[in-house]
Amino acid sequence: MFQAELFLRYLVQYLKVRLEYRSDFLVQLGTDLLFQAVNLIFILVVFTHTTQLSGWTREEVIFIYGYFLVPFAVFSAFFNLWDFNERYIIKGEMDRVLTRPVHSLYQIVMETMTPESLVGAVTGLLVMGWAVWQMEWTFHWMDPLLFFLFVIGGAAIYGGIHVLLTSISLFSDSKTDIQPIMYNVGNYGRYPVNIYHSIIQWVLTWLLPFAFVGFYPASFLLRDDRWLTFALLTPVMGLIYLGLGIVVWNWGIRHYRGAGN
Amino acid sequence: MLNTYRELVRIRFLMMLAYRVNYYSGIVIYSLNIGVYYFLWMAIYGGNESLNGTTAVQITTYVAVAWMSRAFYFNNLDREIAQEIRDGTVAVQLIRPYHYLWVKGFQGLGEGLFRLLMFSVPGMVIVSLLFPVQLPTFGAVWGWFAVSLILGFFINTQINILTGLFAFFILNNNGLIRAKRVMVDLLSGLVIPLHFFPAWAQQGLSFLPFQGISYVPSTILSHGMPMEELWSFLMVQAIWVLLLWIPIRGLWFHARRRLVVQGG
């Protein structure tokens, strides 16, 4: 209860700051849209030269991309730890966080969240909607529920891996540049995994399970039963990876000594 | 004067050496990006020998060359210039006995040279082992590629400087910088070679400077082309290098005046 109230207070505070710089806010929304459009343009241009991608039609690939944008947006809104090392370790903010009664990770998540990233989810829904409209797609009453579970699971997988990698900073105070690598591996999950080499498919499923963030759930919603079991595993993988992230984080906190004196 | 600038290149080169983790992770990131696009293109080809006049091996080579060239022409001058304008250090730079923009340009060159030698060359070896890349044997075409790559560096650096200078006029141009980055990646032909775009888009893009950044050098090395076509390619690049000076000069002139007013 206390946690929820704290979250709301932080959110209100954040919105106040954000609305103070309105033009900056709008520019960021615009560039986010542009960023998402570039990937869409890639898919559109590619399909002027072929009718299918390893058996997937243009609308299906666009649907998968649109779906991917939703869990990714949820992830970006609440796990914005990209400059954790800089801000909390090198500048010493971590010591302030550690003296407070709330769990350190929870507090940092609240301090760094960017709820406006959720606009990406709207874009994703629009892209999915367009793809569905172009296809003959039958709606099932379970779909919204599964969609919700898949999105939460996908965001948790991303979040867990992100926390896991961020925790490295707690063990060494030197700068690590491993997080952008994760972002780039994540790009693999946006496309049908059956186009990749089987080793890459295995990595994307079990080691860095980014295929659960885009492809598996989306293919299930597209009524492709080949990856049914994987799709249903999404929330489980989310729990495992987020749990793993938190465990390693807590371990790192006990290990943390501070960069100063 | 030339000595000063040569020293700038050298210092930036050495500074880059200090961030070794950055450099290893860079090789991995570029290989990952090449990997995504390689598998995507192979799925697009789907067993076809050639598509749109480009063979599967040529597109693989194109993707690898384009990303490895990006290591050379890519730099963060836009962010650096914007930062120095915002925190005011640009004022100190202005009273020093050298031209601020040239200093920035040469620092970018030092960074580019570092990544070309320490990153693109070993990266290319790794990528060639992983994917069926077929580079031409050493000869004239490598020379033309080098010329074209340098012109591409000029064009990209000039666009970066322009973006950075906008910080004089827009309070926070981080959004602009990000937008420019994704635009350049798409419109320069890094993610899709320009001749794969629909005809109307190709027409439009041929009037923009971006083609000179990635598409021209990568095509020269991966496609092989007759001499006259090569010349017209290089001419287009050279013309853009010259044309881009005009807005930079204009913006710089106005910007300095604005700075004086602010510092008043």
# chains A, B, ... in the order shown; residues from 1 in each chain; ligands from 1
>>> residues_around(residues="range 47-60 of chain B", least_positions_apart="5", cutoff="7 Å", atoms="only C-alpha atoms", output="VMD selection string")
chain B and resid 38 132 to 134 222 to 223
>>> interface_residues(of="chain B", to="chain A", cutoff="8 Å", atoms="only C-alpha atoms", output="number ranges by chain")
B: 21-22, 25, 28-29, 32-33, 36, 39-40, 42-46, 51-52, 172, 175-176, 178-179, 182-183, 186, 191-192, 196-198
>>> select_by_dssp(residues="range 44-175 of chain A", states="strand (DSSP E)", output="number ranges by chain")
A: 52-53, 56-57
>>> write_last_selection(atoms="N, CA and C atoms", output="tab-separated table (two decimals), in the first residue's frame")
chain	number	residue	atom	x	y	z
A	52	GLN	N	6.82	-13.22	-49.24
A	52	GLN	CA	6.83	-13.84	-47.91
A	52	GLN	C	8.25	-13.92	-47.36
A	53	LEU	N	8.33	-13.99	-46.03
A	53	LEU	CA	9.60	-14.07	-45.33
A	53	LEU	C	9.58	-15.38	-44.56
A	56	TRP	N	6.11	-16.15	-43.83
A	56	TRP	CA	5.30	-15.12	-43.18
A	56	TRP	C	4.95	-14.03	-44.18
A	57	THR	N	3.69	-13.63	-44.20
A	57	THR	CA	3.28	-12.58	-45.13
A	57	THR	C	3.63	-11.21	-44.57
>>> closest_residue(among="A:Asp95, A:Glu20, A:Glu116, A:Glu60", to="Leu221 in chain A", atoms="only C-alpha atoms")
A:Glu60
>>> residues_around(residues="Gln158 in chain B", least_positions_apart="3", cutoff="9 Å", atoms="only C-alpha atoms", output="PyMOL selection string")
chain B and resi 105+153-155+161-163+241+244-245+248
>>> write_last_selection(atoms="N, CA, C and O atoms", output="mmCIF file, in the first residue's frame")
data_model
loop_
_atom_site.group_PDB
_atom_site.id
_atom_site.type_symbol
_atom_site.label_atom_id
_atom_site.label_comp_id
_atom_site.auth_asym_id
_atom_site.auth_seq_id
_atom_site.Cartn_x
_atom_site.Cartn_y
_atom_site.Cartn_z
ATOM 1 N N GLY B 105 35.925 18.995 -36.294
ATOM 2 C CA GLY B 105 36.046 18.094 -37.441
ATOM 3 C C GLY B 105 37.249 17.170 -37.322
ATOM 4 O O GLY B 105 37.147 15.959 -37.537
ATOM 5 N N PHE B 153 32.531 10.550 -44.935
ATOM 6 C CA PHE B 153 32.848 11.080 -43.607
ATOM 7 C C PHE B 153 32.600 12.588 -43.564
ATOM 8 O O PHE B 153 31.999 13.111 -42.629
ATOM 9 N N PHE B 154 33.053 13.294 -44.607
ATOM 10 C CA PHE B 154 32.841 14.747 -44.676
ATOM 11 C C PHE B 154 31.354 15.085 -44.602
ATOM 12 O O PHE B 154 30.939 15.920 -43.810
ATOM 13 N N ILE B 155 30.563 14.407 -45.443
ATOM 14 C CA ILE B 155 29.134 14.730 -45.510
ATOM 15 C C ILE B 155 28.478 14.478 -44.159
ATOM 16 O O ILE B 155 27.753 15.330 -43.634
ATOM 17 N N ILE B 161 27.583 18.582 -37.612
ATOM 18 C CA ILE B 161 27.893 19.941 -37.143
ATOM 19 C C ILE B 161 26.655 20.818 -37.241
ATOM 20 O O ILE B 161 26.323 21.556 -36.308
ATOM 21 N N LEU B 162 25.930 20.697 -38.366
ATOM 22 C CA LEU B 162 24.699 21.471 -38.538
ATOM 23 C C LEU B 162 23.709 21.154 -37.416
ATOM 24 O O LEU B 162 23.131 22.066 -36.811
ATOM 25 N N THR B 163 23.540 19.852 -37.142
ATOM 26 C CA THR B 163 22.593 19.456 -36.094
ATOM 27 C C THR B 163 23.034 20.009 -34.753
ATOM 28 O O THR B 163 22.214 20.513 -33.983
ATOM 29 N N VAL B 241 29.609 17.808 -50.450
ATOM 30 C CA VAL B 241 30.588 18.311 -49.478
ATOM 31 C C VAL B 241 30.689 19.832 -49.601
ATOM 32 O O VAL B 241 30.700 20.561 -48.609
ATOM 33 N N LEU B 244 27.214 21.726 -48.578
ATOM 34 C CA LEU B 244 26.867 21.754 -47.152
ATOM 35 C C LEU B 244 27.623 22.830 -46.381
ATOM 36 O O LEU B 244 27.257 23.171 -45.266
ATOM 37 N N TRP B 245 28.690 23.356 -46.988
ATOM 38 C CA TRP B 245 29.402 24.436 -46.307
ATOM 39 C C TRP B 245 28.534 25.672 -46.166
ATOM 40 O O TRP B 245 28.662 26.430 -45.208
ATOM 41 N N ILE B 248 26.324 25.724 -43.112
ATOM 42 C CA ILE B 248 27.167 25.741 -41.910
ATOM 43 C C ILE B 248 27.708 27.146 -41.684
ATOM 44 O O ILE B 248 27.636 27.694 -40.570
#
>>> residues_around(residues="Arg12 in chain B", least_positions_apart="6", cutoff="8 Å", atoms="only C-alpha atoms", output="VMD selection string")
chain B and resid 107 to 108 110 to 111
>>> write_last_selection(atoms="N, CA, C and O atoms", output="mmCIF file, in the first residue's frame")
data_model
loop_
_atom_site.group_PDB
_atom_site.id
_atom_site.type_symbol
_atom_site.label_atom_id
_atom_site.label_comp_id
_atom_site.auth_asym_id
_atom_site.auth_seq_id
_atom_site.Cartn_x
_atom_site.Cartn_y
_atom_site.Cartn_z
ATOM 1 N N GLN B 107 38.826 16.349 -34.576
ATOM 2 C CA GLN B 107 38.619 15.398 -33.476
ATOM 3 C C GLN B 107 37.777 14.224 -33.960
ATOM 4 O O GLN B 107 38.055 13.071 -33.647
ATOM 5 N N GLY B 108 36.770 14.543 -34.775
ATOM 6 C CA GLY B 108 35.945 13.477 -35.352
ATOM 7 C C GLY B 108 36.772 12.554 -36.225
ATOM 8 O O GLY B 108 36.582 11.336 -36.223
ATOM 9 N N GLY B 110 39.966 11.895 -35.867
ATOM 10 C CA GLY B 110 40.773 11.044 -34.991
ATOM 11 C C GLY B 110 39.972 9.855 -34.487
ATOM 12 O O GLY B 110 40.445 8.724 -34.465
ATOM 13 N N GLU B 111 38.715 10.142 -34.120
ATOM 14 C CA GLU B 111 37.834 9.094 -33.639
ATOM 15 C C GLU B 111 37.567 8.076 -34.755
ATOM 16 O O GLU B 111 37.641 6.864 -34.539
#
>>> atom_distance(atom1="CA of Val236 in chain A", atom2="CA of Leu204 in chain A")
15.4 Å
>>> atom_distance(atom1="CA of Ala71 in chain B", atom2="CA of Ser198 in chain A")
28.9 Å
>>> atom_distance(atom1="CA of Val74 in chain A", atom2="CA of Pro235 in chain A")
14.5 Å
>>> residues_around(residues="Gly129 in chain A", least_positions_apart="6", cutoff="10 Å", atoms="only C-alpha atoms", output="count of residues only")
5
>>> residues_around(residues="Glu7 in chain B", least_positions_apart="6", cutoff="12 Å", atoms="only C-alpha atoms", output="list in words")
Met1, Phe13, Leu14, Val103, Phe106, Gln107, Leu109 and Gly110 of chain B
>>> select_by_dssp(residues="range 41-204 of chain A", states="helix (DSSP H, G or I)", output="PyMOL selection string")
chain A and resi 41-46+58-78+84-90+93-98+104-112+115-134+143-171+179-190+193-195+198-204
>>> residues_around(residues="Tyr10 in chain A", least_positions_apart="3", cutoff="10 Å", atoms="only C-alpha atoms", output="count of residues only")
13
